[in-house]
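Data first, discussion second: the structure below is written as structure tokens.
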Amino acid sequence: MSVNLFKALDTAVQDTLENMAFIQVDPCDNPLWYQTEPFSTVSIRILQPPLGKLELAVSRSLLQEITASIYGSQEVEITAEVKADTLFEVINTVAGQFLRILASDSELCQLDLPVAAWSDMFVRAGVESGQITCCYGRIGLYLTAMFYPQGLVSK
Amino acid sequence: MLKDRVERILVVDDSATARLIIKQCLEICGFADKTFYEAGNGVEALKLLDEFGANLILMDLYMPKMDGRALLAEIKKRPEKPVVVVITSAANQAVEQELLLLGADAIAHKPVSPASLLQSLEKI
């Protein structure tokens, strides 16, 4: 069975944000939002099967919204640390969902721990082969999956 | 029912956000009156187990210092035999089988919801 990679990534993002934060995101109507909005980035490597890695950029306003939605009923100050923790958990969950869709039932799946790191994802987006990108929201969320040339395994 | 057998619950995840979500789901599932403890990795979890014990443990798989697999192995050496649910985002059939062989009582997927968690707990 072949898997539509874009659809898999889209499903992972939508399910994660809806279940974690009750937030629905629409496809982006301004793919260049990152040129004017401050944002945070995080990445995670997929170790088994050795597919590649995911990089996520989220505008700070959307990250604030996601974090506030999760912590809404708690008497917790939403600090930079709390938002960073939320961002890490978002990409961890998206990557796991994405992997579950892509990997066959018999393949052991393993993720690395997320890391906050600046990347040149916007420069490379849509340019290199073996790469897919999803963009959401007016000011929002930008997700790139990069695949090692030999790594892609279809279900 | 599991609910009646549980007094102390240990939630182990390196993300405070994930621990909060898991705890909120458990409260909705009827565990609100239980005593909760939280740990950020396997090492902290074992210290809390030594100090307070737990009847139900919900743990992440990927954590720094001591991950879920190592923690599961340590818990299974103990005489108390708490119920262990592994909550992870990247558990396909192969990973689930491996974790069950290691001694997990149930697996739940992230993003976890009250309904999905309840479904996993009802299998125990």
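Going through the structure tokens in order, the chains are called A, B, and so on, while each chain numbers its residues from 1 and the ligands are numbered from 1 in the order shown.
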
task = Please report as a ChimeraX atom specification which residues of chain A come no farther than 10 Å from chain B, using only C-alpha atoms.
result = /A:12,15-21,46,67,70-71,73-74,82-90,92-114

Let me see the file: selected residues, N, CA and C atoms, as a compact mmCIF listing (two decimals), in the first residue's frame.
# COMPACT_ATOMS: atom_id res chain seq x y z
N ALA A 12 -1.18 13.83 10.93
CA ALA A 12 -0.45 13.86 12.20
C ALA A 12 -0.56 15.23 12.86
N ASP A 15 -4.44 15.89 13.95
CA ASP A 15 -4.83 15.06 15.10
C ASP A 15 -4.15 15.54 16.38
N THR A 16 -2.89 15.86 16.27
CA THR A 16 -2.13 16.28 17.45
C THR A 16 -2.69 17.57 18.03
N LEU A 17 -2.87 18.58 17.19
CA LEU A 17 -3.34 19.87 17.71
C LEU A 17 -4.78 19.79 18.22
N GLU A 18 -5.58 18.99 17.53
CA GLU A 18 -6.98 18.88 17.96
C GLU A 18 -7.08 18.15 19.30
N ASN A 19 -6.33 17.07 19.45
CA ASN A 19 -6.42 16.29 20.70
C ASN A 19 -5.68 16.94 21.86
N MET A 20 -4.53 17.56 21.57
CA MET A 20 -3.76 18.16 22.66
C MET A 20 -4.34 19.49 23.11
N ALA A 21 -4.76 20.30 22.14
CA ALA A 21 -5.09 21.69 22.47
C ALA A 21 -6.46 22.13 21.96
N ILE A 46 14.01 10.78 13.32
CA ILE A 46 13.37 9.45 13.35
C ILE A 46 14.49 8.43 13.22
N THR A 67 -0.37 26.58 24.08
CA THR A 67 0.00 26.36 25.49
C THR A 67 -1.12 26.80 26.42
N ILE A 70 -3.88 24.23 26.55
CA ILE A 70 -3.55 23.03 27.35
C ILE A 70 -3.56 23.36 28.85
N TYR A 71 -2.97 24.50 29.20
CA TYR A 71 -2.82 24.85 30.62
C TYR A 71 -3.96 25.71 31.14
N SER A 73 -6.88 25.53 32.53
CA SER A 73 -7.53 25.41 33.83
C SER A 73 -6.53 25.36 34.99
N GLN A 74 -5.25 25.44 34.68
CA GLN A 74 -4.23 25.31 35.72
C GLN A 74 -3.74 26.68 36.20
N VAL A 82 7.67 26.78 29.83
CA VAL A 82 6.43 26.01 29.64
C VAL A 82 6.10 25.92 28.14
N LYS A 83 6.28 27.03 27.44
CA LYS A 83 5.99 27.03 26.00
C LYS A 83 6.97 26.13 25.24
N ALA A 84 8.23 26.16 25.64
CA ALA A 84 9.23 25.30 24.98
C ALA A 84 8.88 23.82 25.22
N ASP A 85 8.47 23.50 26.43
CA ASP A 85 8.09 22.13 26.76
C ASP A 85 6.90 21.69 25.90
N THR A 86 5.94 22.59 25.74
CA THR A 86 4.76 22.29 24.91
C THR A 86 5.18 22.05 23.46
N LEU A 87 6.07 22.90 22.96
CA LEU A 87 6.54 22.76 21.57
C LEU A 87 7.22 21.40 21.37
N PHE A 88 8.04 20.99 22.34
CA PHE A 88 8.72 19.69 22.26
C PHE A 88 7.69 18.56 22.24
N GLU A 89 6.66 18.68 23.05
CA GLU A 89 5.67 17.62 23.12
C GLU A 89 4.84 17.57 21.82
N VAL A 90 4.60 18.73 21.23
CA VAL A 90 3.87 18.77 19.96
C VAL A 90 4.64 18.02 18.89
N ASN A 92 7.05 15.84 19.19
CA ASN A 92 7.18 14.43 19.56
C ASN A 92 5.92 13.66 19.16
N THR A 93 4.78 14.26 19.42
CA THR A 93 3.51 13.59 19.12
C THR A 93 3.25 13.54 17.62
N VAL A 94 3.53 14.66 16.93
CA VAL A 94 3.36 14.68 15.48
C VAL A 94 4.26 13.62 14.83
N ALA A 95 5.52 13.58 15.24
CA ALA A 95 6.48 12.64 14.65
C ALA A 95 6.05 11.19 14.88
N GLY A 96 5.57 10.91 16.08
CA GLY A 96 5.13 9.55 16.38
C GLY A 96 3.94 9.14 15.55
N GLN A 97 2.99 10.06 15.44
CA GLN A 97 1.79 9.76 14.62
C GLN A 97 2.20 9.53 13.16
N PHE A 98 3.05 10.41 12.66
CA PHE A 98 3.53 10.33 11.28
C PHE A 98 4.22 8.97 11.04
N LEU A 99 5.04 8.58 11.99
CA LEU A 99 5.77 7.32 11.90
C LEU A 99 4.83 6.12 11.93
N ARG A 100 3.82 6.20 12.78
CA ARG A 100 2.86 5.09 12.87
C ARG A 100 2.14 4.88 11.55
N ILE A 101 1.88 6.00 10.84
CA ILE A 101 1.20 5.89 9.55
C ILE A 101 2.16 5.31 8.50
N LEU A 102 3.42 5.70 8.56
CA LEU A 102 4.37 5.33 7.51
C LEU A 102 4.99 3.94 7.68
N ALA A 103 5.36 3.62 8.90
CA ALA A 103 6.12 2.37 9.10
C ALA A 103 5.20 1.16 9.00
N SER A 104 5.75 0.07 8.52
CA SER A 104 4.96 -1.16 8.46
C SER A 104 4.79 -1.71 9.88
N ASP A 105 3.81 -2.60 10.05
CA ASP A 105 3.50 -3.12 11.39
C ASP A 105 4.68 -3.87 12.01
N SER A 106 5.53 -4.45 11.15
CA SER A 106 6.62 -5.28 11.68
C SER A 106 7.89 -4.49 11.97
N GLU A 107 7.94 -3.24 11.57
CA GLU A 107 9.17 -2.45 11.79
C GLU A 107 9.14 -1.80 13.17
N LEU A 108 10.23 -1.93 13.91
CA LEU A 108 10.32 -1.22 15.19
C LEU A 108 10.52 0.27 14.91
N CYS A 109 9.74 1.09 15.61
CA CYS A 109 9.83 2.55 15.43
C CYS A 109 10.57 3.14 16.63
N GLN A 110 11.42 4.11 16.36
CA GLN A 110 12.09 4.80 17.46
C GLN A 110 12.37 6.25 17.10
N LEU A 111 12.04 7.13 18.03
CA LEU A 111 12.30 8.56 17.85
C LEU A 111 13.44 8.99 18.75
N ASP A 112 14.17 10.00 18.32
CA ASP A 112 15.14 10.65 19.20
C ASP A 112 14.39 11.65 20.07
N LEU A 113 15.09 12.24 21.03
CA LEU A 113 14.46 13.31 21.82
C LEU A 113 14.45 14.58 20.99
N PRO A 114 13.40 15.42 21.12
CA PRO A 114 13.36 16.67 20.35
C PRO A 114 14.49 17.61 20.79

ask   = Near Leu117 in chain B, counting only C-alpha atoms, which residues have an atom at most 9 Å away, once you skip same-chain residues fewer than 2 positions from it, shown as a list in words?
value =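 Near Leu117 in chain B, the qualifying residues are Ile22, Cys25, Leu26, Cys29, Ile87, Ile107, Ala108, His109, Val112, Ser113, Pro114, Ala115, Gln119, Ser120, Leu121 and Glu122 of chain B.
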
Atoms kept (C-alpha atoms) for selection, written as a CSV table (one decimal), in the first residue's frame:
chain,number,residue,atom,x,y,z
B,22,ILE,CA,-2.2,12.5,31.1
B,25,CYS,CA,-7.3,12.5,31.2
B,26,LEU,CA,-7.1,10.3,34.3
B,29,CYS,CA,-11.7,8.9,33.6
B,87,ILE,CA,2.0,6.1,26.6
B,107,ILE,CA,-0.2,0.7,25.6
B,108,ALA,CA,-1.8,4.0,24.8
B,109,HIS,CA,-1.0,6.4,22.0
B,112,VAL,CA,-3.9,10.7,24.5
B,113,SER,CA,-7.5,11.5,25.2
B,114,PRO,CA,-9.8,10.4,28.0
B,115,ALA,CA,-11.6,8.0,25.6
B,119,GLN,CA,-10.1,2.1,26.3
B,120,SER,CA,-6.5,1.1,27.2
B,121,LEU,CA,-7.2,0.8,30.9
B,122,GLU,CA,-10.3,-1.3,30.3

request  = Apply DSSP to the backbone of this structure and, from chain B, keep only the residues in strand (DSSP E); write these as a VMD selection string.
outcome  = chain B and resid 8 to 12 35 to 39 56 to 59 83 to 88 106 to 109

inquiry  = With only C-alpha atoms as the counted atoms, please give the residues lying no more than 12 Å from Arg5 in chain B, apart from itself and same-chain residues fewer than 5 positions off, as a list of chain:residue names.
reply    =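 My reading of the contact set: B:Phe31, B:Lys34, B:Ala54, B:Asn55, B:Leu56, B:Pro82, B:Val83, B:Ile124.
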
For the residues in the current selection, export N, CA and C atoms as a tab-separated table (two decimals), in the first residue's frame.
chain	number	residue	atom	x	y	z
B	31	PHE	N	-10.34	8.96	38.03
B	31	PHE	CA	-9.25	8.76	39.00
B	31	PHE	C	-8.92	10.04	39.77
B	34	LYS	N	-7.57	10.01	43.41
B	34	LYS	CA	-6.34	9.27	43.72
B	34	LYS	C	-5.19	10.25	43.99
B	54	ALA	N	3.44	2.87	44.16
B	54	ALA	CA	2.34	3.23	43.24
B	54	ALA	C	1.66	1.96	42.79
B	55	ASN	N	0.35	2.04	42.60
B	55	ASN	CA	-0.41	0.89	42.08
B	55	ASN	C	-0.55	0.95	40.56
B	56	LEU	N	-0.46	2.18	40.04
B	56	LEU	CA	-0.63	2.38	38.60
B	56	LEU	C	0.46	3.34	38.12
B	82	PRO	N	3.14	-3.16	40.17
B	82	PRO	CA	2.11	-2.19	39.81
B	82	PRO	C	1.67	-2.38	38.36
B	83	VAL	N	0.49	-1.89	38.05
B	83	VAL	CA	0.01	-1.91	36.66
B	83	VAL	C	0.76	-0.84	35.89
B	124	ILE	N	-7.06	-3.95	30.80
B	124	ILE	CA	-6.25	-4.54	31.89
B	124	ILE	C	-7.12	-5.42	32.78

message = Between CA of Arg19 in chain B and CA of Asp50 in chain B, what is the distance in Å, rounded to a tenth?
response =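 Taking CA of Arg19 in chain B and CA of Asp50 in chain B, their separation equals 20.1 Å.
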
task = May I have all residues of range 37-110 of chain B that DSSP, computed from the backbone, assigns to helix (DSSP H, G or I), given as a list in words?
result =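 Filtering range 37-110 of chain B down to helix (DSSP H, G or I) leaves Gly42, Val43, Glu44, Ala45, Leu46, Lys47, Leu48, Leu49, Asp50, Glu51, Gly68, Arg69, Ala70, Leu71, Leu72, Ala73, Glu74, Ile75, Lys76, Gln93, Ala94, Val95, Glu96, Gln97, Glu98, Leu99, Leu100, Leu101 and Leu102 of chain B.
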
Keeping N, CA and C atoms for every residue in the selection just given, could you write it to a file as a PDB file, in the first residue's frame?
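Written output follows (out_17.pdb):
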ATOM      1  N   GLY B  42      13.138   7.978  34.255  1.00  0.00           N
ATOM      2  CA  GLY B  42      13.093   6.723  34.975  1.00  0.00           C
ATOM      3  C   GLY B  42      13.785   6.761  36.327  1.00  0.00           C
ATOM      4  N   VAL B  43      14.873   7.515  36.408  1.00  0.00           N
ATOM      5  CA  VAL B  43      15.619   7.593  37.669  1.00  0.00           C
ATOM      6  C   VAL B  43      14.749   8.235  38.749  1.00  0.00           C
ATOM      7  N   GLU B  44      14.125   9.349  38.399  1.00  0.00           N
ATOM      8  CA  GLU B  44      13.225  10.021  39.358  1.00  0.00           C
ATOM      9  C   GLU B  44      12.049   9.112  39.716  1.00  0.00           C
ATOM     10  N   ALA B  45      11.566   8.381  38.728  1.00  0.00           N
ATOM     11  CA  ALA B  45      10.422   7.492  38.968  1.00  0.00           C
ATOM     12  C   ALA B  45      10.764   6.412  39.995  1.00  0.00           C
ATOM     13  N   LEU B  46      11.953   5.831  39.865  1.00  0.00           N
ATOM     14  CA  LEU B  46      12.353   4.771  40.805  1.00  0.00           C
ATOM     15  C   LEU B  46      12.495   5.319  42.226  1.00  0.00           C
ATOM     16  N   LYS B  47      13.013   6.563  42.332  1.00  0.00           N
ATOM     17  CA  LYS B  47      13.121   7.191  43.664  1.00  0.00           C
ATOM     18  C   LYS B  47      11.740   7.360  44.283  1.00  0.00           C
ATOM     19  N   LEU B  48      10.785   7.834  43.486  1.00  0.00           N
ATOM     20  CA  LEU B  48       9.423   8.027  43.999  1.00  0.00           C
ATOM     21  C   LEU B  48       8.772   6.694  44.362  1.00  0.00           C
ATOM     22  N   LEU B  49       9.059   5.679  43.549  1.00  0.00           N
ATOM     23  CA  LEU B  49       8.510   4.350  43.860  1.00  0.00           C
ATOM     24  C   LEU B  49       9.053   3.839  45.187  1.00  0.00           C
ATOM     25  N   ASP B  50      10.367   4.072  45.414  1.00  0.00           N
ATOM     26  CA  ASP B  50      10.970   3.656  46.686  1.00  0.00           C
ATOM     27  C   ASP B  50      10.309   4.381  47.855  1.00  0.00           C
ATOM     28  N   GLU B  51      10.030   5.654  47.652  1.00  0.00           N
ATOM     29  CA  GLU B  51       9.533   6.482  48.749  1.00  0.00           C
ATOM     30  C   GLU B  51       8.036   6.286  49.005  1.00  0.00           C
ATOM     31  N   GLY B  68      11.829   4.521  28.945  1.00  0.00           N
ATOM     32  CA  GLY B  68      10.713   3.690  29.367  1.00  0.00           C
ATOM     33  C   GLY B  68      11.029   2.207  29.383  1.00  0.00           C
ATOM     34  N   ARG B  69      11.844   1.757  28.431  1.00  0.00           N
ATOM     35  CA  ARG B  69      12.178   0.324  28.380  1.00  0.00           C
ATOM     36  C   ARG B  69      12.982  -0.081  29.620  1.00  0.00           C
ATOM     37  N   ALA B  70      13.979   0.751  29.950  1.00  0.00           N
ATOM     38  CA  ALA B  70      14.822   0.456  31.120  1.00  0.00           C
ATOM     39  C   ALA B  70      14.000   0.540  32.405  1.00  0.00           C
ATOM     40  N   LEU B  71      13.134   1.536  32.470  1.00  0.00           N
ATOM     41  CA  LEU B  71      12.293   1.693  33.658  1.00  0.00           C
ATOM     42  C   LEU B  71      11.346   0.507  33.820  1.00  0.00           C
ATOM     43  N   LEU B  72      10.780   0.089  32.704  1.00  0.00           N
ATOM     44  CA  LEU B  72       9.870  -1.067  32.730  1.00  0.00           C
ATOM     45  C   LEU B  72      10.594  -2.305  33.271  1.00  0.00           C
ATOM     46  N   ALA B  73      11.825  -2.524  32.809  1.00  0.00           N
ATOM     47  CA  ALA B  73      12.610  -3.672  33.271  1.00  0.00           C
ATOM     48  C   ALA B  73      12.862  -3.590  34.783  1.00  0.00           C
ATOM     49  N   GLU B  74      13.177  -2.387  35.271  1.00  0.00           N
ATOM     50  CA  GLU B  74      13.421  -2.205  36.706  1.00  0.00           C
ATOM     51  C   GLU B  74      12.146  -2.451  37.524  1.00  0.00           C
ATOM     52  N   ILE B  75      11.028  -1.936  37.027  1.00  0.00           N
ATOM     53  CA  ILE B  75       9.751  -2.092  37.758  1.00  0.00           C
ATOM     54  C   ILE B  75       9.369  -3.567  37.850  1.00  0.00           C
ATOM     55  N   LYS B  76       9.631  -4.302  36.784  1.00  0.00           N
ATOM     56  CA  LYS B  76       9.227  -5.710  36.768  1.00  0.00           C
ATOM     57  C   LYS B  76      10.072  -6.577  37.702  1.00  0.00           C
ATOM     58  N   GLN B  93       2.486  -1.737  15.747  1.00  0.00           N
ATOM     59  CA  GLN B  93       2.248  -3.094  16.252  1.00  0.00           C
ATOM     60  C   GLN B  93       3.536  -3.739  16.789  1.00  0.00           C
ATOM     61  N   ALA B  94       4.655  -3.528  16.087  1.00  0.00           N
ATOM     62  CA  ALA B  94       5.919  -4.139  16.499  1.00  0.00           C
ATOM     63  C   ALA B  94       6.367  -3.608  17.862  1.00  0.00           C
ATOM     64  N   VAL B  95       6.242  -2.300  18.052  1.00  0.00           N
ATOM     65  CA  VAL B  95       6.649  -1.699  19.333  1.00  0.00           C
ATOM     66  C   VAL B  95       5.714  -2.164  20.443  1.00  0.00           C
ATOM     67  N   GLU B  96       4.431  -2.210  20.157  1.00  0.00           N
ATOM     68  CA  GLU B  96       3.455  -2.650  21.169  1.00  0.00           C
ATOM     69  C   GLU B  96       3.766  -4.067  21.643  1.00  0.00           C
ATOM     70  N   GLN B  97       4.057  -4.949  20.679  1.00  0.00           N
ATOM     71  CA  GLN B  97       4.361  -6.341  21.048  1.00  0.00           C
ATOM     72  C   GLN B  97       5.623  -6.413  21.907  1.00  0.00           C
ATOM     73  N   GLU B  98       6.621  -5.621  21.533  1.00  0.00           N
ATOM     74  CA  GLU B  98       7.877  -5.604  22.293  1.00  0.00           C
ATOM     75  C   GLU B  98       7.613  -5.141  23.737  1.00  0.00           C
ATOM     76  N   LEU B  99       6.807  -4.073  23.881  1.00  0.00           N
ATOM     77  CA  LEU B  99       6.542  -3.523  25.221  1.00  0.00           C
ATOM     78  C   LEU B  99       5.719  -4.489  26.070  1.00  0.00           C
ATOM     79  N   LEU B 100       4.786  -5.176  25.443  1.00  0.00           N
ATOM     80  CA  LEU B 100       3.985  -6.157  26.186  1.00  0.00           C
ATOM     81  C   LEU B 100       4.862  -7.319  26.652  1.00  0.00           C
ATOM     82  N   LEU B 101       5.820  -7.719  25.788  1.00  0.00           N
ATOM     83  CA  LEU B 101       6.755  -8.776  26.178  1.00  0.00           C
ATOM     84  C   LEU B 101       7.653  -8.324  27.325  1.00  0.00           C
ATOM     85  N   LEU B 102       7.984  -7.033  27.346  1.00  0.00           N
ATOM     86  CA  LEU B 102       8.817  -6.492  28.428  1.00  0.00           C
ATOM     87  C   LEU B 102       8.042  -6.364  29.743  1.00  0.00           C
TER      88      LEU B 102
END

Length of the CA of Asp105 in chain B to CA of Val86 in chain B vector [Å] = 8.1 Å

Separation of CA of Ile78 in chain A from CA of Val58 in chain A, in Å and rounded to one decimal =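 Result for CA of Ile78 in chain A versus CA of Val58 in chain A: 16.3 Å, one decimal.
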
6 Å contact set for range 41-43 of chain A, only C-alpha atoms, chain neighbours under 2 positions out, as a list in words =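 Contacts, with the query itself left out: Leu54, Glu55, Leu56, Ala57, Pro114, Val115, Ala116 and Ala117 of chain A.
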
Could those residues be written to a file, using N, CA and C atoms, as a JSON list (two decimals), in the first residue's frame?
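Output below, filename part_34.json:
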[["chain", "number", "residue", "atom", "x", "y", "z"],
["A", 54, "LEU", "N", 12.00, 15.57, 11.29],
["A", 54, "LEU", "CA", 10.95, 16.57, 11.15],
["A", 54, "LEU", "C", 11.43, 17.87, 11.78],
["A", 55, "GLU", "N", 11.10, 18.96, 11.13],
["A", 55, "GLU", "CA", 11.38, 20.28, 11.71],
["A", 55, "GLU", "C", 10.08, 21.05, 11.76],
["A", 56, "LEU", "N", 9.90, 21.76, 12.86],
["A", 56, "LEU", "CA", 8.65, 22.49, 13.06],
["A", 56, "LEU", "C", 8.96, 23.93, 13.45],
["A", 57, "ALA", "N", 8.30, 24.85, 12.80],
["A", 57, "ALA", "CA", 8.37, 26.26, 13.22],
["A", 57, "ALA", "C", 6.96, 26.71, 13.54],
["A", 114, "PRO", "N", 13.40, 15.42, 21.12],
["A", 114, "PRO", "CA", 13.36, 16.67, 20.35],
["A", 114, "PRO", "C", 14.49, 17.61, 20.79],
["A", 115, "VAL", "N", 14.93, 18.43, 19.85],
["A", 115, "VAL", "CA", 15.93, 19.45, 20.19],
["A", 115, "VAL", "C", 15.50, 20.79, 19.60],
["A", 116, "ALA", "N", 15.73, 21.85, 20.37],
["A", 116, "ALA", "CA", 15.46, 23.19, 19.87],
["A", 116, "ALA", "C", 16.69, 23.63, 19.10],
["A", 117, "ALA", "N", 16.51, 23.91, 17.82],
["A", 117, "ALA", "CA", 17.67, 24.31, 17.04],
["A", 117, "ALA", "C", 17.22, 25.16, 15.87]]

query = Near Phe39 in chain A, counting only C-alpha atoms, which residues have an atom at most 9 Å away, once you skip same-chain residues fewer than 2 positions from it, shown as a ChimeraX atom specification?
reply = /A:34,37,41,57-63,140-141

ask   = Smallest atom-to-atom distance to Phe52 in chain B: which of B:Glu80, B:Glu27, B:Asp67, B:Asp4, using only C-alpha atoms?
value =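 Selected residue with least distance to Phe52 in chain B: B:Glu80.
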